[in-house]
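K.L.:
First the structure, then my questions, so here it is.
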Amino acid sequence: MEAIAAPDAQIWKRNLWVCVLGSFSTIVAMTLLLPFLPLYVRQLGVTEPAAIARWSGLAYGATFFSAALTAPLWGRLADRYGRKLMLIRASLGMAIAMALIGMATAPWQLVALRLLAGLLGGYASGSTILVAAQTPKAHTGWALGVLSSGIMAGNVVGPLLGGVLPPLIGIRHTFWLTGGVIFLAFLATTFLLKELPRQPAAPRRAQEAPDVGRHGVVKLMWLSGMLLIFANMSIEPIITLYIGQFVQGDHAITVTAGLVMAAAALGSILSAPRLGRLADRIGHGRVLSAGLIACAALLIPQAFITAAWQLVALRFLMGMALGGLLPCITAIIRHSVPEGQVGRMLGYSTSAQYIGQVSGPLFGGFVGGAFGMRPVFLLTAAVMLLCGAVNWRRSRHH
């Protein structure tokens, strides 16, 4: 796969851009309801504030919960029946689910349809599998970095659109419009994406039993991916209260909290392709371990800021440090397992990252409530430093 013919070179690049656009649109769909979710729950007949909060939390988390459970299954099916087929299924499934969410008439239907969206979805994780499997090894880090930037951009643009569209066209029409955009991604996937021929399959025994050393590397990558998301999400429950120590007025606090969260995402969007290209040149393990240690170093001063702008700057730098690391993790897994196991192993990696997305805020909320807000940053830094040290040791021996 290293010596790639010119037509094939065009195919993998076109596949990459189709995957970037499809992942961007589906991530926007998963996140855009965050700003207006309580309003939609109220529109569905729930009036008590506590009940609105409960239904909103259930509806938002439902998609990510079902996506985490099904990611390994879709990865396994991608290995068996083809990665393009899984992307077609995910984009069509999400388009239908989003349109149906716009037709919900009760809060339980909203939760059920959000569960369905996570169950049928998985376009971004499927794209990661396809891009990792079909990009030449020398370009894997860069290609995955570009894809990661598209996914991160979807996480930023989704809530922004969710704040802008409903007042203009209404909540239900917002869902229908999003479903239409995802349907365009389905058409692009069906007609523009071309799955490259697979390499000849290895003997079955070799497919099913990678050597123990390599399998240990894969498990370390699952853990590292989980901790990356964990570190990024651990301040979510305390960020508004923490900023309130340095900023006066509810509006100013809300705006600053949004800036802090957007700063980390913007840093990741800018750095992911660049760090991916660097990793292709000097080694994915080295960039991963250096990024984890840099992240730990940047978490420490966040505990001792004296003004809110300092937190914005530090989160931006932390986002830059984290940007290329998930692509590095994906590339290491890709090159550590047989061809027939790529989808399944990357599916487990996706599930591990969803665990980080859930456990990070739980950790931050518990530690912040029990010991104060500064220890959240310091304990997260200690976890990241330990993970970075383990990865550094591994990269030195490979």
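Here's how to read the names in the structure tokens: chain A, B, ... by the order shown, residue numbers from 1 in each chain, ligand numbers from 1 in the order shown.
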May I have all residues of stretch 108-329 of chain A that DSSP, computed from the backbone, assigns to alpha helix (DSSP H), given as number ranges by chain?
P.N.:
A: 108-120, 123-134, 140-169, 171-192, 204-208, 212-233, 239-243, 250-282, 284-302, 308-323, 325-329
K.L.:
Env of A:Pro327: 8 Å cut, atoms = only C-alpha atoms, seq-sep filter 2 positions within chain, self excluded. Answer as a compact mmCIF listing (two decimals) with C-alpha atoms, in the first residue's frame.
P.N.:
```
# COMPACT_ATOMS: atom_id res chain seq x y z
CA GLY A 141 -1.32 11.00 10.57
CA LEU A 144 -6.57 11.51 10.28
CA GLY A 145 -5.64 15.00 11.52
CA SER A 148 -10.25 15.12 13.29
CA ALA A 272 -4.53 18.42 14.20
CA GLY A 276 -0.49 14.54 12.14
CA GLY A 324 -3.19 15.61 16.80
CA LEU A 325 -3.23 13.01 19.55
CA ILE A 329 -3.75 6.89 18.63
CA THR A 330 -5.81 5.77 15.62
CA ALA A 331 -2.70 5.45 13.44
```
K.L.:
Tell me which of A:Leu223, A:Ile235, A:Leu192, A:Ala68 sits closest to A:Gly388, counting only C-alpha atoms.
P.N.:
A:Leu223
K.L.:
Taking only C-alpha atoms into account, name the residue in A:Val260, A:Met221, A:Ala231, A:Ile151 that is nearest to A:Cys295.
P.N.:
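Going through A:Val260, A:Met221, A:Ala231, A:Ile151 one by one, the smallest distance to A:Cys295 is for A:Ala231.
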K.L.:
What's around stretch 118-129 of chain A at 8 Å? Count only C-alpha atoms, leave out sequence neighbours fewer than 5 positions away in its own chain, and write the answer as a PyMOL selection string.
P.N.:
chain A and resi 19-20+22-24+26-27+62-67+70-71+74-75+78+83+86-87+89-91+93-94+144+147+151+330+342-343+346-347+350
K.L.:
Residues of the last selection are to be written out with N, CA, C and O atoms, as a CSV table (one decimal), in the first residue's frame.
P.N.:
```
chain,number,residue,atom,x,y,z
A,19,CYS,N,-15.5,12.0,3.6
A,19,CYS,CA,-15.6,11.6,5.0
A,19,CYS,C,-15.6,12.8,6.0
A,19,CYS,O,-16.3,12.9,6.9
A,20,VAL,N,-14.7,13.8,5.6
A,20,VAL,CA,-14.7,15.1,6.4
A,20,VAL,C,-16.0,15.8,6.4
A,20,VAL,O,-16.5,16.1,7.5
A,22,GLY,N,-19.0,14.6,5.6
A,22,GLY,CA,-20.0,13.7,6.2
A,22,GLY,C,-19.9,13.7,7.7
A,22,GLY,O,-21.0,13.8,8.4
A,23,SER,N,-18.7,13.6,8.2
A,23,SER,CA,-18.5,13.6,9.7
A,23,SER,C,-18.9,14.9,10.3
A,23,SER,O,-19.6,15.0,11.3
A,24,PHE,N,-18.5,16.0,9.6
A,24,PHE,CA,-18.9,17.4,10.1
A,24,PHE,C,-20.4,17.5,10.2
A,24,PHE,O,-20.9,18.0,11.2
A,26,THR,N,-22.8,15.2,10.4
A,26,THR,CA,-23.5,14.3,11.4
A,26,THR,C,-23.1,14.8,12.8
A,26,THR,O,-24.0,14.7,13.7
A,27,ILE,N,-21.9,15.3,13.0
A,27,ILE,CA,-21.6,15.8,14.4
A,27,ILE,C,-22.4,17.0,14.7
A,27,ILE,O,-22.8,17.2,15.8
A,62,ALA,N,-28.4,10.3,25.6
A,62,ALA,CA,-28.9,9.0,25.0
A,62,ALA,C,-28.1,8.7,23.7
A,62,ALA,O,-27.7,7.5,23.5
A,63,THR,N,-27.9,9.6,22.8
A,63,THR,CA,-27.2,9.4,21.6
A,63,THR,C,-25.8,8.8,21.8
A,63,THR,O,-25.3,7.9,21.2
A,64,PHE,N,-25.1,9.5,22.7
A,64,PHE,CA,-23.7,9.1,23.0
A,64,PHE,C,-23.6,7.7,23.7
A,64,PHE,O,-22.7,6.9,23.5
A,65,PHE,N,-24.6,7.4,24.5
A,65,PHE,CA,-24.7,6.1,25.2
A,65,PHE,C,-24.8,5.0,24.2
A,65,PHE,O,-24.1,4.0,24.2
A,66,SER,N,-25.8,5.1,23.3
A,66,SER,CA,-26.1,4.0,22.4
A,66,SER,C,-24.9,4.0,21.3
A,66,SER,O,-24.6,2.9,20.9
A,67,ALA,N,-24.3,5.1,21.0
A,67,ALA,CA,-23.2,5.1,20.1
A,67,ALA,C,-22.0,4.4,20.7
A,67,ALA,O,-21.3,3.6,20.0
A,70,THR,N,-22.6,0.5,20.5
A,70,THR,CA,-22.6,-0.1,19.2
A,70,THR,C,-21.4,0.1,18.3
A,70,THR,O,-21.2,-0.6,17.3
A,71,ALA,N,-20.5,1.0,18.7
A,71,ALA,CA,-19.3,1.3,17.9
A,71,ALA,C,-18.5,0.0,17.6
A,71,ALA,O,-18.1,-0.2,16.5
A,74,TRP,N,-20.4,-2.0,14.8
A,74,TRP,CA,-20.3,-1.5,13.5
A,74,TRP,C,-18.8,-1.6,12.9
A,74,TRP,O,-18.6,-1.8,11.7
A,75,GLY,N,-17.8,-1.5,13.8
A,75,GLY,CA,-16.5,-1.7,13.4
A,75,GLY,C,-16.2,-3.2,12.9
A,75,GLY,O,-15.6,-3.4,11.8
A,78,ALA,N,-17.9,-3.5,9.6
A,78,ALA,CA,-17.1,-2.8,8.5
A,78,ALA,C,-16.0,-3.7,8.0
A,78,ALA,O,-15.7,-3.8,6.8
A,83,ARG,N,-16.3,-0.9,4.5
A,83,ARG,CA,-16.5,0.3,5.3
A,83,ARG,C,-17.4,1.3,4.7
A,83,ARG,O,-18.1,2.0,5.3
A,86,MET,N,-21.0,0.7,5.7
A,86,MET,CA,-21.3,1.2,7.1
A,86,MET,C,-21.6,2.7,7.1
A,86,MET,O,-22.4,3.2,7.8
A,87,LEU,N,-20.8,3.4,6.2
A,87,LEU,CA,-21.0,4.9,6.1
A,87,LEU,C,-22.4,5.2,5.5
A,87,LEU,O,-23.0,6.2,5.9
A,89,ARG,N,-25.0,3.3,5.6
A,89,ARG,CA,-26.0,3.0,6.7
A,89,ARG,C,-26.1,4.1,7.7
A,89,ARG,O,-27.2,4.5,8.1
A,90,ALA,N,-24.9,4.6,8.1
A,90,ALA,CA,-24.9,5.6,9.2
A,90,ALA,C,-25.5,6.9,8.7
A,90,ALA,O,-26.3,7.5,9.5
A,91,SER,N,-25.2,7.4,7.5
A,91,SER,CA,-25.7,8.7,7.0
A,91,SER,C,-27.2,8.6,6.8
A,91,SER,O,-27.9,9.5,7.1
A,93,GLY,N,-29.3,6.4,8.1
A,93,GLY,CA,-29.9,6.3,9.5
A,93,GLY,C,-30.1,7.6,10.2
A,93,GLY,O,-31.1,7.9,10.8
A,94,MET,N,-29.0,8.4,10.2
A,94,MET,CA,-29.0,9.7,10.9
A,94,MET,C,-30.0,10.6,10.3
A,94,MET,O,-30.7,11.4,11.0
A,144,LEU,N,-5.7,11.6,9.1
A,144,LEU,CA,-6.6,11.5,10.3
A,144,LEU,C,-6.7,12.8,11.0
A,144,LEU,O,-7.7,13.2,11.6
A,147,LEU,N,-9.3,14.8,9.2
A,147,LEU,CA,-10.6,14.3,9.6
A,147,LEU,C,-11.0,14.7,11.0
A,147,LEU,O,-12.1,15.1,11.3
A,151,ILE,N,-14.3,16.8,12.4
A,151,ILE,CA,-15.1,16.4,13.5
A,151,ILE,C,-15.2,17.4,14.6
A,151,ILE,O,-16.3,17.8,15.2
A,330,THR,N,-5.2,6.6,16.7
A,330,THR,CA,-5.8,5.8,15.6
A,330,THR,C,-4.8,5.2,14.7
A,330,THR,O,-4.9,4.0,14.3
A,342,VAL,N,-9.0,-4.2,12.0
A,342,VAL,CA,-8.9,-2.7,12.1
A,342,VAL,C,-10.2,-2.1,12.6
A,342,VAL,O,-10.2,-1.3,13.6
A,343,GLY,N,-11.3,-2.4,11.9
A,343,GLY,CA,-12.6,-1.9,12.3
A,343,GLY,C,-13.0,-2.2,13.7
A,343,GLY,O,-13.4,-1.3,14.5
A,346,LEU,N,-10.7,-0.3,16.3
A,346,LEU,CA,-11.0,1.1,16.3
A,346,LEU,C,-12.4,1.4,16.9
A,346,LEU,O,-12.6,2.4,17.5
A,347,GLY,N,-13.3,0.4,16.7
A,347,GLY,CA,-14.6,0.5,17.4
A,347,GLY,C,-14.5,0.5,18.9
A,347,GLY,O,-15.1,1.3,19.6
A,350,THR,N,-13.2,3.9,20.0
A,350,THR,CA,-14.3,4.9,20.0
A,350,THR,C,-15.1,4.7,21.3
A,350,THR,O,-15.5,5.7,22.0
```
K.L.:
Just to confirm, what's the straight-line distance from atom CA of A:Gly319 to atom CA of A:Val181 in Å (one decimal)?
P.N.:
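Between atom CA of A:Gly319 and atom CA of A:Val181 the gap is 28.3 Å.
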